[in-house]
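Content type compact mmCIF, C-alpha atoms and all ligand atoms, from the file target.txt:
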```
# COMPACT_ATOMS: atom_id res chain seq x y z
CA MET A 29 0.00 0.00 0.00
CA ALA A 30 1.28 3.45 -0.82
CA LEU A 31 1.75 6.23 1.67
CA VAL A 32 -1.68 7.25 2.99
CA THR A 33 -3.18 9.96 5.17
CA SER A 34 -4.51 8.97 8.59
CA THR A 35 -8.17 9.73 7.75
CA GLU A 36 -9.29 6.15 7.07
CA MET A 37 -6.94 4.74 9.72
CA PHE A 38 -8.44 6.93 12.45
CA LYS A 39 -12.03 6.21 11.39
CA LYS A 40 -11.39 2.47 11.69
CA ALA A 41 -9.47 2.88 14.94
CA TYR A 42 -12.23 4.98 16.50
CA GLU A 43 -14.91 2.50 15.54
CA GLY A 44 -12.77 -0.52 16.41
CA GLY A 45 -11.70 0.67 19.88
CA TYR A 46 -7.97 0.62 19.21
CA ALA A 47 -5.21 3.16 18.47
CA VAL A 48 -2.54 3.42 15.79
CA GLY A 49 1.07 3.64 16.98
CA ALA A 50 3.01 6.76 16.01
CA PHE A 51 6.70 5.97 16.33
CA ASN A 52 9.51 8.51 15.88
CA VAL A 53 12.12 7.64 13.27
CA ASN A 54 15.67 8.96 13.08
CA ASN A 55 17.69 6.33 11.21
CA MET A 56 17.45 3.17 9.13
CA GLU A 57 17.53 0.67 11.98
CA ILE A 58 14.62 2.35 13.76
CA VAL A 59 12.54 2.47 10.53
CA GLN A 60 13.29 -1.21 9.90
CA GLY A 61 12.57 -2.37 13.47
CA ILE A 62 9.19 -0.62 13.53
CA THR A 63 7.99 -1.56 10.05
CA GLU A 64 9.12 -5.21 10.26
CA ALA A 65 7.04 -5.63 13.44
CA CYS A 66 4.04 -3.90 11.82
CA LYS A 67 4.35 -6.04 8.69
CA GLU A 68 4.44 -9.28 10.69
CA GLU A 69 1.57 -8.18 12.94
CA LYS A 70 -0.44 -6.69 10.03
CA ALA A 71 -0.72 -3.32 11.76
CA PRO A 72 -1.20 0.15 10.27
CA VAL A 73 1.53 2.55 11.33
CA ILE A 74 2.43 6.23 11.57
CA LEU A 75 6.13 7.00 11.12
CA GLN A 76 6.82 10.44 12.51
CA VAL A 77 9.71 12.81 12.06
CA SER A 78 10.52 15.69 14.40
CA LYS A 79 12.33 18.92 13.63
CA GLY A 80 15.32 17.38 15.45
CA ALA A 81 15.15 14.24 13.28
CA ARG A 82 15.18 16.35 10.12
CA ALA A 83 18.16 18.29 11.44
CA TYR A 84 19.97 15.05 12.34
CA ALA A 85 19.24 12.75 9.39
CA ASN A 86 18.15 15.19 6.64
CA HIS A 87 14.61 15.40 5.21
CA THR A 88 15.44 13.52 2.00
CA TYR A 89 17.14 10.60 3.75
CA LEU A 90 14.17 10.15 6.07
CA VAL A 91 11.60 10.31 3.24
CA LYS A 92 13.62 7.81 1.21
CA LEU A 93 13.97 5.45 4.19
CA VAL A 94 10.20 5.52 4.63
CA GLU A 95 9.69 4.96 0.88
CA ALA A 96 12.01 1.93 1.13
CA ALA A 97 9.95 0.57 4.03
CA ILE A 98 6.77 0.94 1.97
CA ILE A 99 8.32 -1.08 -0.86
CA GLU A 100 9.40 -3.75 1.64
CA CYS A 101 6.04 -3.78 3.47
CA PRO A 102 3.41 -3.36 0.74
CA GLU A 103 0.70 -4.98 2.90
CA ILE A 104 0.47 -2.24 5.54
CA PRO A 105 -0.76 1.36 5.33
CA VAL A 106 1.92 3.87 6.34
CA VAL A 107 1.51 7.57 7.24
CA LEU A 108 4.53 9.89 7.11
CA HIS A 109 3.89 12.57 9.73
CA LEU A 110 5.68 15.70 10.95
CA ASP A 111 5.87 15.57 14.76
CA HIS A 112 5.64 18.89 16.65
CA GLY A 113 5.79 21.22 13.64
CA PRO A 114 6.95 24.47 15.25
CA ASP A 115 5.80 26.92 12.55
CA PHE A 116 4.02 27.30 9.20
CA GLU A 117 7.28 27.14 7.18
CA THR A 118 8.32 23.74 8.61
CA CYS A 119 4.84 22.35 7.97
CA LYS A 120 4.86 23.72 4.41
CA SER A 121 8.28 22.21 3.75
CA CYS A 122 7.03 18.76 4.84
CA ILE A 123 3.75 19.08 2.91
CA ASP A 124 5.71 20.07 -0.23
CA GLY A 125 8.27 17.35 0.52
CA GLY A 126 6.08 14.24 0.52
CA PHE A 127 4.58 13.97 4.03
CA THR A 128 0.92 12.90 4.24
CA SER A 129 0.28 14.39 7.69
CA VAL A 130 1.67 17.25 9.76
CA MET A 131 1.31 18.43 13.33
CA ILE A 132 1.31 22.15 13.99
CA ASP A 133 2.14 22.54 17.65
CA GLY A 134 0.70 25.91 18.62
CA SER A 135 0.30 24.88 22.25
CA SER A 136 2.82 27.44 23.50
CA HIS A 137 0.82 30.30 21.93
CA SER A 138 -2.34 31.94 23.24
CA PHE A 139 -5.63 30.22 22.35
CA LYS A 140 -6.33 32.88 19.71
CA GLU A 141 -2.85 32.67 18.13
CA ASN A 142 -2.94 28.88 18.22
CA ILE A 143 -6.21 28.99 16.25
CA GLU A 144 -4.81 31.45 13.69
CA LEU A 145 -1.58 29.47 13.13
CA THR A 146 -3.32 26.09 13.01
CA LYS A 147 -5.96 27.39 10.58
CA LYS A 148 -3.26 28.70 8.24
CA VAL A 149 -1.52 25.29 8.20
CA VAL A 150 -4.84 23.45 7.70
CA GLU A 151 -5.73 25.61 4.69
CA TYR A 152 -2.39 24.91 3.01
CA ALA A 153 -2.33 21.22 3.97
CA HIS A 154 -5.89 20.44 2.87
CA ALA A 155 -5.30 22.15 -0.46
CA HIS A 156 -2.47 19.62 -0.95
CA GLY A 157 -4.29 16.51 0.30
CA VAL A 158 -2.45 16.44 3.64
CA VAL A 159 -4.08 16.11 7.08
CA VAL A 160 -3.27 18.15 10.20
CA GLU A 161 -2.97 17.44 13.94
CA GLY A 162 -3.34 20.41 16.30
CA GLU A 163 -2.65 20.63 20.02
CA LEU A 164 -4.45 22.17 22.97
CA GLY A 165 -2.91 22.03 26.45
CA THR A 166 0.76 21.70 27.37
CA LEU A 167 2.67 18.55 28.21
CA ALA A 168 5.56 18.48 30.67
CA GLY A 169 8.96 17.14 29.61
CA ILE A 170 11.43 17.76 26.80
CA GLU A 171 10.58 18.00 23.11
CA ASP A 172 12.85 19.35 20.41
CA GLU A 173 15.16 20.97 22.98
CA VAL A 174 12.27 22.80 24.66
CA GLN A 175 11.84 21.78 28.29
CA VAL A 176 8.48 22.34 29.97
CA SER A 177 8.44 21.90 33.76
CA ALA A 178 5.60 20.04 35.46
CA GLU A 179 4.43 23.36 37.01
CA ASP A 180 4.19 25.02 33.59
CA SER A 181 2.32 22.13 31.98
CA SER A 182 -1.46 22.33 31.91
CA TYR A 183 -4.27 19.96 31.12
CA THR A 184 -6.40 20.63 28.07
CA ARG A 185 -9.49 22.66 28.90
CA PRO A 186 -12.48 20.69 27.56
CA GLU A 187 -14.53 23.88 27.14
CA GLU A 188 -12.09 25.07 24.45
CA VAL A 189 -12.00 22.03 22.16
CA GLU A 190 -15.19 22.56 20.10
CA GLU A 191 -14.27 26.13 19.18
CA PHE A 192 -10.68 25.10 18.35
CA VAL A 193 -11.70 22.23 16.07
CA GLU A 194 -14.48 24.21 14.41
CA LYS A 195 -12.39 27.33 13.76
CA THR A 196 -9.21 25.56 12.61
CA GLY A 197 -10.61 22.61 10.67
CA VAL A 198 -7.97 20.24 12.13
CA ASP A 199 -8.29 16.52 11.46
CA SER A 200 -7.12 15.32 14.90
CA LEU A 201 -6.33 16.90 18.26
CA ALA A 202 -3.48 16.23 20.69
CA ILE A 203 -4.53 16.78 24.30
CA ALA A 204 -2.79 16.94 27.67
CA ILE A 205 -4.26 14.57 30.28
CA GLY A 206 -1.15 13.75 32.32
CA THR A 207 1.25 12.23 29.82
CA SER A 208 4.63 13.91 29.32
CA HIS A 209 7.65 13.68 27.05
CA GLY A 210 10.87 11.86 27.91
CA ALA A 211 11.86 9.12 30.34
CA TYR A 212 11.10 10.91 33.64
CA LYS A 213 7.36 11.33 33.61
CA PHE A 214 6.50 10.90 37.28
CA LYS A 215 8.35 11.33 40.55
CA PRO A 216 9.40 7.96 42.05
CA GLY A 217 6.87 6.93 44.67
CA THR A 218 3.94 8.77 43.06
CA LYS A 219 1.11 6.87 41.39
CA PRO A 220 0.86 7.66 37.66
CA GLN A 221 -2.74 8.40 36.72
CA LEU A 222 -4.10 9.82 33.47
CA ARG A 223 -7.12 12.15 33.70
CA PHE A 224 -9.78 10.00 32.07
CA ASP A 225 -12.43 12.44 33.27
CA ILE A 226 -10.94 15.12 30.98
CA LEU A 227 -10.63 12.68 28.07
CA GLU A 228 -14.25 11.62 28.45
CA ASP A 229 -15.47 15.21 28.64
CA ILE A 230 -13.54 16.06 25.44
CA SER A 231 -14.88 12.95 23.68
CA ARG A 232 -18.45 13.90 24.59
CA ARG A 233 -17.92 17.35 23.08
CA LEU A 234 -16.28 15.98 19.91
CA PRO A 235 -18.16 12.78 19.05
CA GLY A 236 -16.33 10.62 16.48
CA PHE A 237 -13.30 12.92 16.46
CA PRO A 238 -9.80 11.37 16.73
CA ILE A 239 -7.78 12.32 19.81
CA VAL A 240 -3.97 12.01 20.04
CA LEU A 241 -1.79 11.26 23.05
CA HIS A 242 1.81 12.47 23.07
CA GLY A 243 4.36 11.49 25.70
CA SER A 244 3.05 7.95 25.91
CA SER A 245 6.15 5.89 26.47
CA SER A 246 5.90 3.42 29.33
CA VAL A 247 9.65 3.43 30.07
CA PRO A 248 10.12 -0.37 30.30
CA GLN A 249 12.01 -1.10 33.49
CA ASN A 250 13.94 -4.00 31.93
CA TYR A 251 15.64 -1.48 29.62
CA VAL A 252 16.20 1.07 32.39
CA THR A 253 17.88 -1.71 34.40
CA MET A 254 19.89 -2.80 31.35
CA ILE A 255 21.15 0.76 30.91
CA ASN A 256 21.97 1.18 34.60
CA GLU A 257 23.74 -2.20 34.80
CA ASN A 258 25.92 -1.39 31.83
CA GLY A 259 27.42 1.97 32.68
CA GLY A 260 24.35 4.20 32.34
CA LYS A 261 22.77 6.38 34.99
CA MET A 262 19.02 6.79 34.72
CA PRO A 263 17.65 6.64 38.26
CA GLY A 264 13.91 7.17 38.68
CA ALA A 265 12.92 6.85 35.02
CA ILE A 266 9.17 6.12 35.05
CA GLY A 267 6.54 6.07 32.28
CA ILE A 268 2.81 5.72 31.67
CA PRO A 269 1.33 2.39 32.80
CA GLU A 270 0.44 0.32 29.74
CA ASP A 271 -3.02 -0.61 31.00
CA GLN A 272 -3.96 3.09 31.12
CA LEU A 273 -2.83 3.56 27.51
CA ARG A 274 -4.85 0.50 26.48
CA GLN A 275 -7.88 2.00 28.21
CA ALA A 276 -7.38 5.31 26.33
CA ALA A 277 -7.03 3.41 23.03
CA GLY A 278 -10.45 1.88 23.65
CA LEU A 279 -11.96 5.36 23.97
CA SER A 280 -11.51 8.23 21.47
CA VAL A 281 -7.69 8.10 21.39
CA CYS A 282 -6.74 6.99 17.87
CA LYS A 283 -3.00 7.86 17.82
CA ILE A 284 -0.48 7.14 20.57
CA ASN A 285 3.04 8.63 20.29
CA ILE A 286 5.99 6.52 21.39
CA ASP A 287 9.61 7.60 21.06
CA SER A 288 11.48 7.35 24.39
CA ASP A 289 10.81 3.60 24.71
CA LEU A 290 12.54 2.98 21.36
CA ARG A 291 15.51 5.06 22.52
CA LEU A 292 15.75 3.08 25.77
CA ALA A 293 15.64 -0.25 23.90
CA MET A 294 18.33 0.87 21.48
CA THR A 295 20.62 2.42 24.10
CA GLY A 296 20.22 -0.45 26.59
CA THR A 297 20.98 -3.06 23.94
CA ILE A 298 24.06 -1.23 22.67
CA ARG A 299 25.40 -0.52 26.17
CA LYS A 300 25.03 -4.20 27.08
CA PHE A 301 26.71 -5.27 23.86
CA PHE A 302 29.72 -3.03 24.46
CA ASN A 303 29.99 -4.15 28.07
CA GLU A 304 29.97 -7.81 27.02
CA HIS A 305 32.15 -7.34 23.93
CA PRO A 306 34.69 -4.59 24.64
CA ASP A 307 36.79 -5.75 21.68
CA LYS A 308 34.05 -5.32 19.02
CA PHE A 309 33.89 -2.25 16.83
CA ASP A 310 31.74 -3.15 13.80
CA PRO A 311 28.55 -1.01 14.01
CA ARG A 312 26.57 -3.77 12.30
CA GLU A 313 27.26 -6.08 15.21
CA TYR A 314 25.72 -3.80 17.81
CA LEU A 315 23.03 -2.20 15.64
CA LYS A 316 21.64 -5.62 14.68
CA PRO A 317 20.53 -6.62 18.22
CA ALA A 318 19.37 -3.03 18.83
CA ARG A 319 17.13 -3.22 15.75
CA ALA A 320 15.84 -6.65 16.81
CA ASN A 321 14.90 -5.36 20.26
CA ILE A 322 13.13 -2.33 18.79
CA LYS A 323 11.14 -4.73 16.62
CA GLU A 324 10.10 -6.87 19.62
CA LEU A 325 9.22 -3.81 21.66
CA VAL A 326 7.03 -2.46 18.85
CA ARG A 327 5.38 -5.88 18.46
CA HIS A 328 4.57 -5.81 22.18
CA LYS A 329 3.04 -2.31 21.84
CA LEU A 330 0.94 -3.27 18.82
CA ILE A 331 -0.56 -6.29 20.59
CA ASN A 332 -0.74 -5.25 24.25
CA VAL A 333 -1.03 -1.46 24.24
CA LEU A 334 -2.50 -0.26 20.95
CA GLY A 335 -4.60 -3.28 19.97
CA CYS A 336 -3.97 -2.53 16.27
CA ASN A 337 -2.45 -5.89 15.30
CA GLY A 338 -4.39 -7.50 12.45
CA LYS A 339 -6.03 -4.17 11.52
CA ALA A 340 -3.99 -3.34 8.39
O1 LIG A 401 8.19 14.73 21.44
C1 LIG A 401 9.28 14.70 20.91
C2 LIG A 401 9.79 13.45 20.29
O2 LIG A 401 10.16 12.51 21.28
C3 LIG A 401 10.91 13.78 19.36
O3 LIG A 401 12.05 14.08 20.07
O4 LIG A 401 12.73 16.31 19.24
O5 LIG A 401 14.39 14.77 20.30
O6 LIG A 401 13.48 14.29 18.02
P1 LIG A 401 13.24 14.94 19.36
P1 LIG A 402 7.63 9.85 24.67
O1 LIG A 402 8.78 10.73 25.07
O2 LIG A 402 6.80 9.48 25.83
O3 LIG A 402 8.05 8.67 23.89
O4 LIG A 402 6.68 10.74 23.70
C1 LIG A 402 6.94 10.84 22.33
C2 LIG A 402 6.12 11.90 21.67
O5 LIG A 402 5.14 12.39 22.17
C3 LIG A 402 6.54 12.33 20.34
O6 LIG A 402 5.80 13.41 19.88
ZN ZN A 403 5.10 14.73 21.40
```

Please express the file's structure as structure tokens.
Amino acid sequence: MALVTSTEMFKKAYEGGYAVGAFNVNNMEIVQGITEACKEEKAPVILQVSKGARAYANHTYLVKLVEAAIIECPEIPVVLHLDHGPDFETCKSCIDGGFTSVMIDGSSHSFKENIELTKKVVEYAHAHGVVVEGELGTLAGIEDEVQVSAEDSSYTRPEEVEEFVEKTGVDSLAIAIGTSHGAYKFKPGTKPQLRFDILEDISRRLPGFPIVLHGSSSVPQNYVTMINENGGKMPGAIGIPEDQLRQAAGLSVCKINIDSDLRLAMTGTIRKFFNEHPDKFDPREYLKPARANIKELVRHKLINVLGCNGKA
């Protein structure tokens, strides 16, 4: 299947009570690990690229890697999405450059400015057959070098969502209900709890409308331990409990963003490899098990968190 927009994917996910995984891609091994798992599990997938990924790997390389994955995995629908588009120009560059979906992240602006910016991106995107994700509310954590402290984060205000969606024309909406970016989402000892009351209120106000969750890594403790036992130092890294994400996927959440978990799997695997084989220096030897572990982690997410296996 060629590159698609998320319109059909989200409709099926909403009706089917599951979510599509949106995984961040930065290099070939990550693209391969994700798409091989999705191919074997017959799952639709969103491959997303941040501003930082474009700066690191180059727009053309990333697009071509995704095109290669589509040739290798013709059975599954793939969306190429811009993650956290910071401004109109970046969104335009991705729309012109082959993406089928973009996020304009106006969440740091005022409500009025967020509407104006998002509307401008929607008008350009829709005229080019591309869909748009907007955001209301602010997540804590780090994204594209911008750090938002827990005090400065704020839940989405349900009373704003109808006006935002109506005035902007966005195709999906990212909301803040307690998830956050990065590997340190909650203080050790606290009980992680997403605000399902806010999600349900938003869903009631926007019936049938696809909701997106950012910052949804679960920070698998086996990889945190692997990192810490092999020279790393990541004390107190805690993520979102998987059962809460599964619950959200059964409601109006149609897209769940996962990046940090892939990074932990890759870093843990490589650290362990180097610790066990200090004499090795061929990148293929340590990237191969890293790619394999990303694949198994994604398979686990598809089946146990997203519920989108067999839905391609
Ligand atoms: O939310 C941000 C994503 O995890 C992408 O991270 O900006 O470091 O590429 P990045
Ligand atoms: P995590 O840091 O929880 O993986 O979130 C990723 C994300 O939201 C990308 O936009
Ligand atoms: Zn995000």

Fill in: Contact residues around stretch 108-125 of chain A with all atoms listed in the file at 8 Å, ignoring same-chain residues under 5 positions, as JSON, numbers by chain
{"A": [31, 32, 33, 74, 75, 76, 77, 78, 79, 94, 130, 131, 132, 133, 134, 145, 148, 149, 152, 153, 156, 158]}

Preceding selection exported with C-alpha atoms as a tab-separated table (two decimals), keeping the file's coordinate frame:
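Once written, again.tsv looks like this:
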```tsv
chain	number	residue	atom	x	y	z
A	31	LEU	CA	1.75	6.23	1.67
A	32	VAL	CA	-1.68	7.25	2.99
A	33	THR	CA	-3.18	9.96	5.17
A	74	ILE	CA	2.43	6.23	11.57
A	75	LEU	CA	6.13	7.00	11.12
A	76	GLN	CA	6.82	10.44	12.51
A	77	VAL	CA	9.71	12.81	12.06
A	78	SER	CA	10.52	15.69	14.40
A	79	LYS	CA	12.33	18.92	13.63
A	94	VAL	CA	10.20	5.52	4.63
A	130	VAL	CA	1.67	17.25	9.76
A	131	MET	CA	1.31	18.43	13.33
A	132	ILE	CA	1.31	22.15	13.99
A	133	ASP	CA	2.14	22.54	17.65
A	134	GLY	CA	0.70	25.91	18.62
A	145	LEU	CA	-1.58	29.47	13.13
A	148	LYS	CA	-3.26	28.70	8.24
A	149	VAL	CA	-1.52	25.29	8.20
A	152	TYR	CA	-2.39	24.91	3.01
A	153	ALA	CA	-2.33	21.22	3.97
A	156	HIS	CA	-2.47	19.62	-0.95
A	158	VAL	CA	-2.45	16.44	3.64
```

For chain A versus ligand ZN 403 (chain A), which residues have an atom no more than 12 Å away, and what is each residue's nearest atom pair and distance in Å rounded to one decimal, using all atoms listed in the file, chain-then-number order, as a tab-separated table?
```
residue	atom	partner	partner_atom	distance
A:Ala50	CA	A:ZN403	ZN	9.8
A:Phe51	CA	A:ZN403	ZN	10.2
A:Asn52	CA	A:ZN403	ZN	9.4
A:Gln76	CA	A:ZN403	ZN	10.0
A:Val77	CA	A:ZN403	ZN	10.6
A:Ser78	CA	A:ZN403	ZN	8.9
A:Lys79	CA	A:ZN403	ZN	11.4
A:His109	CA	A:ZN403	ZN	11.9
A:Leu110	CA	A:ZN403	ZN	10.5
A:Asp111	CA	A:ZN403	ZN	6.7
A:His112	CA	A:ZN403	ZN	6.3
A:Gly113	CA	A:ZN403	ZN	10.1
A:Pro114	CA	A:ZN403	ZN	11.7
A:Met131	CA	A:ZN403	ZN	9.7
A:Ile132	CA	A:ZN403	ZN	11.2
A:Asp133	CA	A:ZN403	ZN	9.2
A:Ser135	CA	A:ZN403	ZN	11.3
A:Glu161	CA	A:ZN403	ZN	11.3
A:Gly162	CA	A:ZN403	ZN	11.4
A:Glu163	CA	A:ZN403	ZN	9.8
A:Gly165	CA	A:ZN403	ZN	12.0
A:Thr166	CA	A:ZN403	ZN	10.2
A:Leu167	CA	A:ZN403	ZN	8.2
A:Ala168	CA	A:ZN403	ZN	10.0
A:Gly169	CA	A:ZN403	ZN	9.4
A:Ile170	CA	A:ZN403	ZN	8.9
A:Glu171	CA	A:ZN403	ZN	6.6
A:Asp172	CA	A:ZN403	ZN	9.1
A:Glu173	CA	A:ZN403	ZN	11.9
A:Val174	CA	A:ZN403	ZN	11.3
A:Gln175	CA	A:ZN403	ZN	11.9
A:Val176	CA	A:ZN403	ZN	11.9
A:Ala202	CA	A:ZN403	ZN	8.7
A:Ile203	CA	A:ZN403	ZN	10.3
A:Ala204	CA	A:ZN403	ZN	10.3
A:Thr207	CA	A:ZN403	ZN	9.6
A:Ser208	CA	A:ZN403	ZN	8.0
A:His209	CA	A:ZN403	ZN	6.3
A:Gly210	CA	A:ZN403	ZN	9.2
A:Val240	CA	A:ZN403	ZN	9.6
A:Leu241	CA	A:ZN403	ZN	7.9
A:His242	CA	A:ZN403	ZN	4.3
A:Gly243	CA	A:ZN403	ZN	5.4
A:Ser244	CA	A:ZN403	ZN	8.4
A:Ser245	CA	A:ZN403	ZN	10.2
A:Lys283	CA	A:ZN403	ZN	11.2
A:Ile284	CA	A:ZN403	ZN	9.5
A:Asn285	CA	A:ZN403	ZN	6.5
A:Ile286	CA	A:ZN403	ZN	8.3
A:Asp287	CA	A:ZN403	ZN	8.4
A:Ser288	CA	A:ZN403	ZN	10.2
```

Worksheet item: Within 12 Å of (9.7, -1.8, 9.9), in the coordinates the file gives, what residues turn up when you count only C-alpha atoms, written out as number ranges by chain?
Response: A: 51-53, 55-75, 93-106, 319-320, 322-327

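With distances taken over only C-alpha atoms and all ligand atoms, A:Ala81 is the one residue among A:Leu292, A:Val160, A:Ile143, A:Ala81 lying closest to ligand LIG 401 (chain A).
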
Discussion item. Can you pull out the residues contacting A:Gly260? Cut-off 12 Å, using all atoms listed in the file, and skip same-chain residues under 3 positions away; I want them as a list in words.
Written reply: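 Listing them by chain and then by number gives Tyr251, Val252, Thr253, Met254, Ile255, Asn256, Glu257, Pro263, Leu292, Thr295, Gly296, Thr297, Ile298, Arg299, Lys300, Phe302 and Asn303 of chain A.
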
Item to complete: Kindly give the distance, in Å, that separates atom CA of A:Ser231 and atom CA of A:Asp199, rounded to a single decimal.
Response: 14.3 Å

Build an axis-aligned box that encloses every atom of stretch 46-63 of chain A listed in the file, pad it by 4 Å on each side, and report its centre and edge lengths in Å to one decimal, as JSON.
```
{"center_x": 4.9, "center_y": 3.3, "center_z": 14.2, "size_x": 33.7, "size_y": 19.3, "size_z": 18.1}
```

Item to complete: Calculate how many Å separate atom CA of A:Leu279 from atom CA of A:Val159, rounding to one decimal.
Response: 21.5 Å

Save stretch 183-190 of chain A to disk from that block, all heavy atoms included, as a PDB file, in the first residue's frame.
```
ATOM      1  N   TYR A 183      -3.330  20.854  31.799  1.00  0.00           N
ATOM      2  CA  TYR A 183      -4.273  19.963  31.121  1.00  0.00           C
ATOM      3  C   TYR A 183      -5.062  20.741  30.080  1.00  0.00           C
ATOM      4  O   TYR A 183      -5.276  21.953  30.209  1.00  0.00           O
ATOM      5  CB  TYR A 183      -5.246  19.366  32.142  1.00  0.00           C
ATOM      6  CG  TYR A 183      -4.592  18.473  33.171  1.00  0.00           C
ATOM      7  CD1 TYR A 183      -4.716  18.750  34.523  1.00  0.00           C
ATOM      8  CD2 TYR A 183      -3.863  17.353  32.779  1.00  0.00           C
ATOM      9  CE1 TYR A 183      -4.116  17.923  35.477  1.00  0.00           C
ATOM     10  CE2 TYR A 183      -3.260  16.530  33.716  1.00  0.00           C
ATOM     11  CZ  TYR A 183      -3.385  16.823  35.062  1.00  0.00           C
ATOM     12  OH  TYR A 183      -2.788  16.028  36.000  1.00  0.00           O
ATOM     13  N   THR A 184      -5.528  20.028  29.069  1.00  0.00           N
ATOM     14  CA  THR A 184      -6.403  20.630  28.066  1.00  0.00           C
ATOM     15  C   THR A 184      -7.718  21.038  28.736  1.00  0.00           C
ATOM     16  O   THR A 184      -8.248  20.302  29.573  1.00  0.00           O
ATOM     17  CB  THR A 184      -6.682  19.598  26.944  1.00  0.00           C
ATOM     18  OG1 THR A 184      -5.431  19.169  26.430  1.00  0.00           O
ATOM     19  CG2 THR A 184      -7.527  20.199  25.830  1.00  0.00           C
ATOM     20  N   ARG A 185      -8.216  22.204  28.347  1.00  0.00           N
ATOM     21  CA  ARG A 185      -9.492  22.664  28.902  1.00  0.00           C
ATOM     22  C   ARG A 185     -10.620  22.197  27.983  1.00  0.00           C
ATOM     23  O   ARG A 185     -10.736  22.701  26.846  1.00  0.00           O
ATOM     24  CB  ARG A 185      -9.507  24.187  28.992  1.00  0.00           C
ATOM     25  CG  ARG A 185      -8.510  24.749  30.039  1.00  0.00           C
ATOM     26  CD  ARG A 185      -8.121  26.178  29.722  1.00  0.00           C
ATOM     27  NE  ARG A 185      -9.288  27.044  29.594  1.00  0.00           N
ATOM     28  CZ  ARG A 185      -9.833  27.715  30.586  1.00  0.00           C
ATOM     29  NH1 ARG A 185      -9.305  27.650  31.786  1.00  0.00           N
ATOM     30  NH2 ARG A 185     -10.880  28.468  30.382  1.00  0.00           N
ATOM     31  N   PRO A 186     -11.445  21.254  28.434  1.00  0.00           N
ATOM     32  CA  PRO A 186     -12.477  20.685  27.555  1.00  0.00           C
ATOM     33  C   PRO A 186     -13.376  21.757  26.925  1.00  0.00           C
ATOM     34  O   PRO A 186     -13.812  21.611  25.779  1.00  0.00           O
ATOM     35  CB  PRO A 186     -13.277  19.770  28.478  1.00  0.00           C
ATOM     36  CG  PRO A 186     -12.300  19.377  29.540  1.00  0.00           C
ATOM     37  CD  PRO A 186     -11.432  20.583  29.744  1.00  0.00           C
ATOM     38  N   GLU A 187     -13.615  22.852  27.661  1.00  0.00           N
ATOM     39  CA  GLU A 187     -14.534  23.879  27.137  1.00  0.00           C
ATOM     40  C   GLU A 187     -13.962  24.609  25.918  1.00  0.00           C
ATOM     41  O   GLU A 187     -14.681  25.376  25.265  1.00  0.00           O
ATOM     42  CB  GLU A 187     -14.953  24.857  28.245  1.00  0.00           C
ATOM     43  CG  GLU A 187     -13.824  25.591  28.953  1.00  0.00           C
ATOM     44  CD  GLU A 187     -13.186  24.802  30.098  1.00  0.00           C
ATOM     45  OE1 GLU A 187     -13.281  23.560  30.123  1.00  0.00           O
ATOM     46  OE2 GLU A 187     -12.561  25.449  30.965  1.00  0.00           O
ATOM     47  N   GLU A 188     -12.677  24.385  25.610  1.00  0.00           N
ATOM     48  CA  GLU A 188     -12.087  25.069  24.447  1.00  0.00           C
ATOM     49  C   GLU A 188     -12.079  24.225  23.168  1.00  0.00           C
ATOM     50  O   GLU A 188     -11.818  24.744  22.080  1.00  0.00           O
ATOM     51  CB  GLU A 188     -10.635  25.464  24.766  1.00  0.00           C
ATOM     52  CG  GLU A 188     -10.519  26.579  25.769  1.00  0.00           C
ATOM     53  CD  GLU A 188      -9.075  26.998  26.038  1.00  0.00           C
ATOM     54  OE1 GLU A 188      -8.132  26.285  25.626  1.00  0.00           O
ATOM     55  OE2 GLU A 188      -8.892  28.050  26.671  1.00  0.00           O
ATOM     56  N   VAL A 189     -12.301  22.901  23.307  1.00  0.00           N
ATOM     57  CA  VAL A 189     -12.002  22.029  22.162  1.00  0.00           C
ATOM     58  C   VAL A 189     -12.952  22.216  20.974  1.00  0.00           C
ATOM     59  O   VAL A 189     -12.509  22.158  19.814  1.00  0.00           O
ATOM     60  CB  VAL A 189     -11.936  20.528  22.564  1.00  0.00           C
ATOM     61  CG1 VAL A 189     -10.835  20.289  23.569  1.00  0.00           C
ATOM     62  CG2 VAL A 189     -13.272  20.017  23.073  1.00  0.00           C
ATOM     63  N   GLU A 190     -14.239  22.440  21.236  1.00  0.00           N
ATOM     64  CA  GLU A 190     -15.186  22.561  20.104  1.00  0.00           C
ATOM     65  C   GLU A 190     -14.840  23.776  19.245  1.00  0.00           C
ATOM     66  O   GLU A 190     -14.786  23.695  18.020  1.00  0.00           O
ATOM     67  CB  GLU A 190     -16.622  22.668  20.613  1.00  0.00           C
ATOM     68  CG  GLU A 190     -17.133  21.405  21.269  1.00  0.00           C
ATOM     69  CD  GLU A 190     -17.797  21.683  22.589  1.00  0.00           C
ATOM     70  OE1 GLU A 190     -17.120  22.232  23.498  1.00  0.00           O
ATOM     71  OE2 GLU A 190     -18.997  21.356  22.732  1.00  0.00           O
TER      72      GLU A 190
END
```
